[in-house]
Structure formats: C-alpha cells, structure tokens
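Chemist: See start_39.csv below, with CSV, C-alpha atoms.
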chain,number,residue,atom,x,y,z
A,1,MET,CA,-15.5,2.5,4.7
A,2,ILE,CA,-19.0,2.7,3.2
A,3,ALA,CA,-19.8,5.8,5.2
A,4,ALA,CA,-16.6,7.5,4.1
A,5,THR,CA,-17.1,6.6,0.5
A,6,THR,CA,-20.7,7.8,0.7
A,7,THR,CA,-19.6,11.1,2.2
A,8,ALA,CA,-17.1,11.7,-0.7
A,9,ILE,CA,-19.9,11.1,-3.3
A,10,ALA,CA,-22.5,13.2,-1.5
A,11,GLU,CA,-20.1,16.1,-0.8
A,12,GLU,CA,-19.0,16.1,-4.5
A,13,VAL,CA,-22.7,16.3,-5.6
A,14,SER,CA,-23.2,19.2,-3.1
A,15,ARG,CA,-20.2,21.0,-4.4
A,16,LEU,CA,-21.2,20.6,-8.0
A,17,MET,CA,-24.7,21.9,-7.2
A,18,ALA,CA,-23.2,25.3,-6.2
A,19,VAL,CA,-24.0,28.2,-8.5
A,20,GLU,CA,-20.3,28.6,-9.3
A,21,PHE,CA,-20.2,25.1,-10.8
A,22,ARG,CA,-23.8,24.1,-11.6
A,23,GLU,CA,-22.8,20.9,-13.3
A,24,VAL,CA,-25.2,18.5,-11.5
A,25,SER,CA,-28.2,18.8,-9.3
A,26,GLU,CA,-30.3,16.6,-7.1
A,27,ARG,CA,-33.8,16.2,-8.5
A,28,ILE,CA,-36.2,18.6,-6.7
A,29,PRO,CA,-39.6,16.9,-6.1
A,30,GLU,CA,-42.7,18.8,-7.2
A,31,GLY,CA,-43.7,21.2,-4.6
A,32,ASP,CA,-40.4,21.0,-2.7
A,33,VAL,CA,-38.9,24.3,-1.4
A,34,GLY,CA,-35.2,24.5,-2.3
A,35,SER,CA,-34.5,27.1,0.3
A,36,SER,CA,-36.8,28.7,2.9
A,37,THR,CA,-35.1,32.1,2.5
A,38,MET,CA,-33.7,32.1,-1.0
A,39,PRO,CA,-36.3,30.9,-3.6
A,40,GLN,CA,-33.7,30.7,-6.4
A,41,LYS,CA,-31.5,28.2,-4.5
A,42,ARG,CA,-31.5,24.4,-4.8
A,43,ASN,CA,-30.1,22.9,-1.6
A,44,PRO,CA,-28.5,19.5,-1.6
A,45,LYS,CA,-30.9,18.0,0.9
A,46,GLN,CA,-30.5,14.3,0.1
A,47,SER,CA,-26.7,14.7,-0.1
A,48,GLY,CA,-26.8,16.5,3.2
A,49,GLY,CA,-28.8,13.7,4.8
A,50,ALA,CA,-26.3,11.1,3.6
A,51,VAL,CA,-23.4,13.2,5.0
A,52,ILE,CA,-25.1,13.5,8.4
A,53,LYS,CA,-25.9,9.7,8.6
A,54,ALA,CA,-22.3,8.9,7.5
A,55,ALA,CA,-20.9,11.1,10.2
A,56,GLU,CA,-23.0,9.4,12.8
A,57,ILE,CA,-21.7,6.0,11.7
A,58,ARG,CA,-18.1,7.1,11.9
A,59,ALA,CA,-18.8,8.5,15.4
A,60,LEU,CA,-19.5,4.9,16.5
A,61,VAL,CA,-16.0,3.8,15.8
A,62,PRO,CA,-14.5,5.0,19.2
A,63,LEU,CA,-17.3,3.1,21.0
A,64,ALA,CA,-16.5,-0.1,19.1
A,65,LEU,CA,-12.8,0.3,19.9
A,66,GLU,CA,-13.7,0.8,23.6
A,67,ALA,CA,-15.7,-2.4,23.5
A,68,MET,CA,-12.4,-4.3,22.8
A,69,ILE,CA,-11.2,-3.7,26.3
A,70,GLN,CA,-12.3,-6.6,28.6
A,71,SER,CA,-11.2,-6.9,32.2
A,72,HIS,CA,-10.9,-10.0,34.4
A,73,GLU,CA,-13.9,-12.4,33.8
A,74,VAL,CA,-15.8,-9.9,31.5
A,75,ASP,CA,-18.9,-8.3,32.9
A,76,GLY,CA,-20.9,-7.9,29.7
A,77,ALA,CA,-20.7,-4.1,29.6
A,78,ARG,CA,-18.2,-4.1,26.7
A,79,SER,CA,-20.3,-6.6,24.8
A,80,ALA,CA,-23.3,-4.3,25.2
A,81,MET,CA,-21.3,-1.5,23.8
A,82,MET,CA,-20.4,-3.5,20.8
A,83,ASP,CA,-23.9,-4.7,20.3
A,84,TYR,CA,-25.1,-1.0,20.4
A,85,ALA,CA,-22.4,0.1,17.9
A,86,ILE,CA,-23.3,-2.6,15.5
A,87,GLU,CA,-27.0,-2.2,15.7
A,88,GLN,CA,-26.9,1.6,15.3
A,89,SER,CA,-24.4,1.4,12.4
A,90,CYS,CA,-26.6,-1.0,10.6
A,91,ILE,CA,-29.7,1.2,11.0
A,92,LEU,CA,-27.8,4.3,10.1
A,93,THR,CA,-26.2,2.7,7.0
A,94,GLY,CA,-29.6,1.8,5.7
A,95,ASP,CA,-30.8,5.4,6.1
A,96,MET,CA,-27.6,6.7,4.6
A,97,LEU,CA,-27.8,4.5,1.5
A,98,ASP,CA,-31.5,5.4,1.1
A,99,TYR,CA,-30.4,9.1,0.9
A,100,LEU,CA,-27.5,8.2,-1.5
A,101,HIS,CA,-29.8,6.1,-3.7
A,102,SER,CA,-32.2,9.0,-4.0
A,103,VAL,CA,-29.3,11.3,-5.0
A,104,ILE,CA,-27.9,9.0,-7.7
A,105,VAL,CA,-31.2,7.8,-9.4
A,106,GLY,CA,-32.5,11.4,-9.6
A,107,LEU,CA,-29.2,13.1,-10.5
A,108,GLU,CA,-29.6,15.8,-13.1
A,109,ILE,CA,-26.5,16.4,-15.3
A,110,TYR,CA,-25.8,19.6,-17.3
A,111,PRO,CA,-23.1,18.7,-19.9
A,112,ASP,CA,-23.2,22.3,-21.4
A,113,ARG,CA,-22.2,23.7,-18.1
A,114,MET,CA,-19.5,21.1,-17.7
A,115,LYS,CA,-18.1,22.1,-21.1
A,116,SER,CA,-18.3,25.8,-20.2
A,117,ASN,CA,-16.4,25.2,-17.0
A,118,LEU,CA,-13.7,23.3,-18.8
A,119,GLU,CA,-13.2,26.2,-21.1
A,120,LEU,CA,-12.8,28.8,-18.3
A,121,SER,CA,-9.1,28.2,-18.1
A,122,GLY,CA,-8.5,28.8,-21.9
A,123,GLY,CA,-6.8,25.5,-22.3
A,124,LEU,CA,-4.6,25.6,-19.2
A,125,ILE,CA,-6.5,22.6,-17.8
A,126,SER,CA,-4.9,20.5,-20.5
A,127,ALA,CA,-1.4,21.7,-19.9
A,128,GLU,CA,-0.4,18.2,-18.8
A,129,ALA,CA,-1.2,16.7,-22.2
A,130,VAL,CA,1.1,19.2,-23.9
A,131,MET,CA,3.8,18.5,-21.3
A,132,ILE,CA,3.6,14.7,-21.7
A,133,THR,CA,3.7,14.9,-25.5
A,134,LEU,CA,6.6,17.4,-25.5
A,135,GLY,CA,8.4,15.4,-22.9
A,136,ARG,CA,8.6,12.4,-25.1
A,137,ILE,CA,10.7,14.6,-27.4
A,138,ILE,CA,12.8,16.9,-25.2
A,139,GLY,CA,12.6,15.2,-21.9
A,140,ARG,CA,10.0,15.5,-19.1
A,141,GLN,CA,11.8,18.1,-16.9
A,142,GLU,CA,12.5,20.4,-19.8
A,143,ALA,CA,9.0,20.0,-21.1
A,144,HIS,CA,7.6,20.8,-17.6
A,145,ALA,CA,9.7,24.0,-17.4
A,146,VAL,CA,8.6,25.1,-20.9
A,147,VAL,CA,4.8,24.5,-20.3
A,148,HIS,CA,5.0,25.9,-16.8
A,149,HIS,CA,6.5,29.1,-18.2
A,150,ALA,CA,3.8,29.4,-20.9
A,151,ALA,CA,1.1,28.9,-18.3
A,152,HIS,CA,2.6,31.5,-16.0
A,153,VAL,CA,2.8,34.0,-18.9
A,154,VAL,CA,-1.0,33.5,-19.6
A,155,ALA,CA,-1.9,33.6,-15.9
A,156,THR,CA,-0.1,36.9,-15.2
A,157,SER,CA,-0.6,38.7,-18.5
A,158,ASN,CA,-3.0,41.6,-18.6
A,159,SER,CA,-3.6,41.0,-22.3
A,160,SER,CA,-6.0,38.5,-23.9
A,161,VAL,CA,-3.1,36.3,-25.0
A,162,THR,CA,-4.1,32.6,-25.1
A,163,PHE,CA,-2.3,29.5,-23.9
A,164,LEU,CA,-2.3,28.3,-27.5
A,165,GLU,CA,-0.7,31.5,-28.8
A,166,VAL,CA,2.0,31.5,-26.1
A,167,LEU,CA,2.9,27.8,-26.7
A,168,SER,CA,2.8,28.2,-30.5
A,169,ALA,CA,5.2,31.2,-30.3
A,170,ASP,CA,7.8,29.4,-28.1
A,171,PRO,CA,10.5,28.0,-30.4
A,172,ARG,CA,11.1,25.1,-27.9
A,173,VAL,CA,7.5,24.0,-28.7
A,174,ASN,CA,7.0,25.0,-32.3
A,175,ALA,CA,10.1,23.2,-33.3
A,176,HIS,CA,8.3,19.9,-32.5
A,177,LEU,CA,4.6,20.7,-32.5
A,178,ASN,CA,2.6,22.9,-34.9
A,179,PRO,CA,-0.4,25.0,-33.8
A,180,ALA,CA,-3.0,22.4,-34.9
A,181,GLU,CA,-1.3,19.7,-32.9
A,182,ILE,CA,-1.1,21.9,-29.9
A,183,ALA,CA,-4.8,22.9,-30.2
A,184,THR,CA,-5.7,19.2,-30.4
A,185,LEU,CA,-3.8,18.6,-27.2
A,186,LEU,CA,-5.5,21.5,-25.5
A,187,ASP,CA,-8.9,20.1,-26.2
A,188,PRO,CA,-10.1,18.8,-22.8
A,189,THR,CA,-12.3,16.2,-24.4
A,190,GLY,CA,-9.3,14.5,-26.1
A,191,PRO,CA,-6.7,13.2,-23.5
A,192,THR,CA,-9.2,11.2,-21.4
A,193,GLY,CA,-7.2,8.0,-21.7
A,194,LEU,CA,-8.9,5.0,-20.2
A,195,SER,CA,-11.3,7.0,-18.1
A,196,ALA,CA,-14.4,5.9,-20.0
A,197,ARG,CA,-13.4,2.3,-20.2
A,198,ILE,CA,-12.6,2.2,-16.4
A,199,ALA,CA,-15.9,3.9,-15.6
A,200,HIS,CA,-17.9,1.3,-17.7
A,201,GLU,CA,-16.0,-1.6,-16.2
A,202,THR,CA,-16.5,-0.4,-12.7
A,203,SER,CA,-20.2,0.2,-13.3
A,204,ALA,CA,-20.5,-3.3,-14.7
A,205,ARG,CA,-18.9,-4.8,-11.6
A,206,ALA,CA,-21.1,-2.8,-9.3
A,207,ARG,CA,-24.2,-3.9,-11.1
A,208,ALA,CA,-23.1,-7.5,-11.0
A,209,ALA,CA,-22.4,-7.3,-7.3
A,210,ALA,CA,-25.8,-5.6,-6.6
A,211,ALA,CA,-27.6,-8.4,-8.6
A,212,ARG,CA,-25.7,-11.1,-6.8
A,213,TYR,CA,-26.5,-9.9,-3.3
A,214,ARG,CA,-30.0,-8.6,-4.0
A,215,PRO,CA,-32.3,-10.5,-1.5
A,216,THR,CA,-34.7,-13.0,-3.0
A,217,PRO,CA,-38.3,-12.1,-2.1
A,218,PRO,CA,-40.1,-14.8,0.0
A,219,ALA,CA,-42.1,-17.3,-2.0
A,220,ARG,CA,-45.9,-16.8,-1.9
A,221,THR,CA,-47.9,-19.3,0.1
A,222,SER,CA,-51.5,-20.4,-0.5
A,223,SER,CA,-54.3,-19.7,1.9
A,224,ALA,CA,-54.3,-23.4,2.8
A,225,ASP,CA,-50.7,-23.2,3.9
As structure tokens, what does this structure read like?

Modeler:
Amino acid sequence: MIAATTTAIAEEVSRLMAVEFREVSERIPEGDVGSSTMPQKRNPKQSGGAVIKAAEIRALVPLALEAMIQSHEVDGARSAMMDYAIEQSCILTGDMLDYLHSVIVGLEIYPDRMKSNLELSGGLISAEAVMITLGRIIGRQEAHAVVHHAAHVVATSNSSVTFLEVLSADPRVNAHLNPAEIATLLDPTGPTGLSARIAHETSARARAAAARYRPTPPARTSSAD
C-alpha cells in the first residue's frame, strides 16, 4: 500500500514536471545534469527512483503469496521465501521513501503556471460549479443539459466566443443568473469547497503521526560506562 501510494505521488510529480504542464519540479542540485542529451530538460530522477523501488516492492507480493503454501510437515523453503520477501521489502521501502523525501522537501512550485493552465479552458474547467448552482433552481438533469450544450458550443465553435458569453446569452441561464454571477462561478479559485481545510487537517495528522513514531536517539554514555 505504501509503495502504491508513493508511486501515485511520484508519477504525479513527474507528469507535472513535463513542459506541457510545468507546474512543479524536483529541485536540481548544483552541477547536476538534467538530461544527457537535451540540456534544456529537467528529468524527474528522484521521482523515477521512487517509482522503480515501489515496483520492486510490489513484485515481491507473488513471492509472499507463494510462501503461504505449506505441505506436509513443512520443509522451511516457504519460510525462507517469506523471510526474503519481508527483508527485501523493508530495504526497498527505506530506499523508496528516501527518494520520495527528497522529492517532497525540495519540490519547486510554480503558481503562475498553475494559474495559466487553469485559464487554458476559458472557464470550461469550472462548468460543474455553474451546473450545481443552476441545478438548485431548475433541477440537476436540466442544468446538466444546459451547461453541456454551452460547453459543446464553445468547444466546437471556430469563433472566439467564450463560455461566459454563451452561458450569459442562454435564456435558461440568464433568467436565473446574471453575467457577474456566472463569471464568479467560472473563477477556478472560487469553488474549492473544503479542499484547503481537508489538506491542512490531513497534513496535521501526518505530522503528528511522524512525530509519534520518530525513533528516539540512543542516550549518550560516558567514557566510564
């Protein structure tokens, strides 16, 4: 489970490091070569290391399952298999978490690029907020059909018509929402709900767990001891 979660985190960082996104990046140590062939590229080396170690851990699962099969009076072979699977998974988990720690503590974040990416759809990314608000008035299914139609018009139009303009011109929408209200709903920084609160609470629980299980360094002894 830890390996799978680590992979999800590491692969997300790798994806967001791509030129097409460029929202985050691993910290590149001084003197490090991002790519041996493309000097402009920053490769997700630490994330890649975490993904590799995590894959090795998951590959030990079949061996651990095989160790469950015991015949007759038990000859010790299956116990040796389980010992090996556990030993290797512990070693690999330590390596994997070292990679992940390096990624997280050195993560560079680019808010301006995040904002730019959010704006690429011209408000379409916030269509759900409009649908939910309109749904409270005209019903969810009808609101879905209305907003879906507006989004389709924008996506297939050869003109520079915006999502806000299409929604504002639809009588099924403007009968209940004015352009300013629609613009507010289309602001991607607005309908974030409890996301920030959940993130802070989860972070607090993680920090508390880390502090609780952090090993206590051995006490110093005098030379006489």

Chemist: To one decimal place, how far is atom CA of Met38 of chain A from atom CA of Glu23 of chain A in Å?

Modeler: 19.9 Å

Chemist: Could you check how far atom CA of Ala85 of chain A sits from atom CA of Leu97 of chain A, in Å to one decimal?

Modeler: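 Calculated distance between atom CA of Ala85 of chain A and atom CA of Leu97 of chain A is 17.8 Å.
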
Chemist: Quick one: residues within 8 Å of Leu124 of chain A, all atoms listed in the file, excluding same-chain residues fewer than 6 positions away - as a list in words?

Modeler: Ala151, Phe163 and Leu186 of chain A

Chemist: Pick from A:Ala129, A:Ile104, A:Leu164, A:Ala209: nearest to His144 of chain A, with only C-alpha atoms counted?

Modeler: A:Ala129

Chemist: Set the distance at 8 Å and use only C-alpha atoms: which residues neighbour segment 60-66 of chain A once local chain neighbours fewer than 5 positions away are removed? I'd like the list as a ChimeraX atom specification.

Modeler: /A:78,81-82,85,89

Chemist: Because some atoms of segment 196-217 of chain A are absent here, can you restore N, CA and C atoms and send them as a short mmCIF file (atom, residue, chain, number, x, y, z; two decimals), in the frame of the given file?

Modeler:
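As a result, result.cif now contains:
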data_model
loop_
_atom_site.label_atom_id
_atom_site.label_comp_id
_atom_site.auth_asym_id
_atom_site.auth_seq_id
_atom_site.Cartn_x
_atom_site.Cartn_y
_atom_site.Cartn_z
N ALA A 196 -13.13 6.44 -19.67
CA ALA A 196 -14.40 5.90 -20.00
C ALA A 196 -14.49 4.41 -19.86
N ARG A 197 -13.44 3.73 -20.28
CA ARG A 197 -13.40 2.30 -20.20
C ARG A 197 -13.43 1.85 -18.69
N ILE A 198 -12.64 2.53 -17.85
CA ILE A 198 -12.60 2.20 -16.40
C ILE A 198 -13.97 2.45 -15.79
N ALA A 199 -14.62 3.55 -16.18
CA ALA A 199 -15.90 3.90 -15.60
C ALA A 199 -16.95 2.81 -15.98
N HIS A 200 -16.96 2.37 -17.23
CA HIS A 200 -17.90 1.30 -17.70
C HIS A 200 -17.64 0.01 -16.99
N GLU A 201 -16.35 -0.35 -16.87
CA GLU A 201 -16.00 -1.60 -16.20
C GLU A 201 -16.39 -1.61 -14.75
N THR A 202 -16.13 -0.49 -14.08
CA THR A 202 -16.50 -0.40 -12.70
C THR A 202 -17.98 -0.44 -12.47
N SER A 203 -18.72 0.24 -13.36
CA SER A 203 -20.20 0.20 -13.30
C SER A 203 -20.70 -1.20 -13.48
N ALA A 204 -20.11 -1.93 -14.42
CA ALA A 204 -20.50 -3.30 -14.70
C ALA A 204 -20.30 -4.19 -13.47
N ARG A 205 -19.15 -4.02 -12.81
CA ARG A 205 -18.90 -4.80 -11.60
C ARG A 205 -19.84 -4.48 -10.49
N ALA A 206 -20.16 -3.20 -10.36
CA ALA A 206 -21.10 -2.80 -9.30
C ALA A 206 -22.48 -3.35 -9.55
N ARG A 207 -22.92 -3.31 -10.80
CA ARG A 207 -24.20 -3.90 -11.10
C ARG A 207 -24.29 -5.37 -10.89
N ALA A 208 -23.20 -6.05 -11.24
CA ALA A 208 -23.10 -7.50 -11.00
C ALA A 208 -23.18 -7.83 -9.55
N ALA A 209 -22.45 -7.05 -8.74
CA ALA A 209 -22.40 -7.30 -7.30
C ALA A 209 -23.81 -7.02 -6.71
N ALA A 210 -24.46 -5.96 -7.16
CA ALA A 210 -25.80 -5.60 -6.60
C ALA A 210 -26.79 -6.74 -6.99
N ALA A 211 -26.69 -7.29 -8.20
CA ALA A 211 -27.60 -8.40 -8.60
C ALA A 211 -27.33 -9.63 -7.83
N ARG A 212 -26.05 -9.87 -7.52
CA ARG A 212 -25.70 -11.10 -6.80
C ARG A 212 -26.17 -11.11 -5.38
N TYR A 213 -26.16 -9.93 -4.76
CA TYR A 213 -26.50 -9.90 -3.30
C TYR A 213 -27.92 -9.31 -3.11
N ARG A 214 -28.68 -9.12 -4.17
CA ARG A 214 -30.00 -8.60 -4.00
C ARG A 214 -30.86 -9.73 -3.32
N PRO A 215 -31.53 -9.42 -2.21
CA PRO A 215 -32.30 -10.50 -1.50
C PRO A 215 -33.42 -11.02 -2.36
N THR A 216 -33.64 -12.32 -2.24
CA THR A 216 -34.70 -13.00 -3.00
C THR A 216 -36.02 -12.83 -2.21
N PRO A 217 -37.08 -12.32 -2.85
CA PRO A 217 -38.30 -12.10 -2.10
C PRO A 217 -38.89 -13.49 -1.69
#
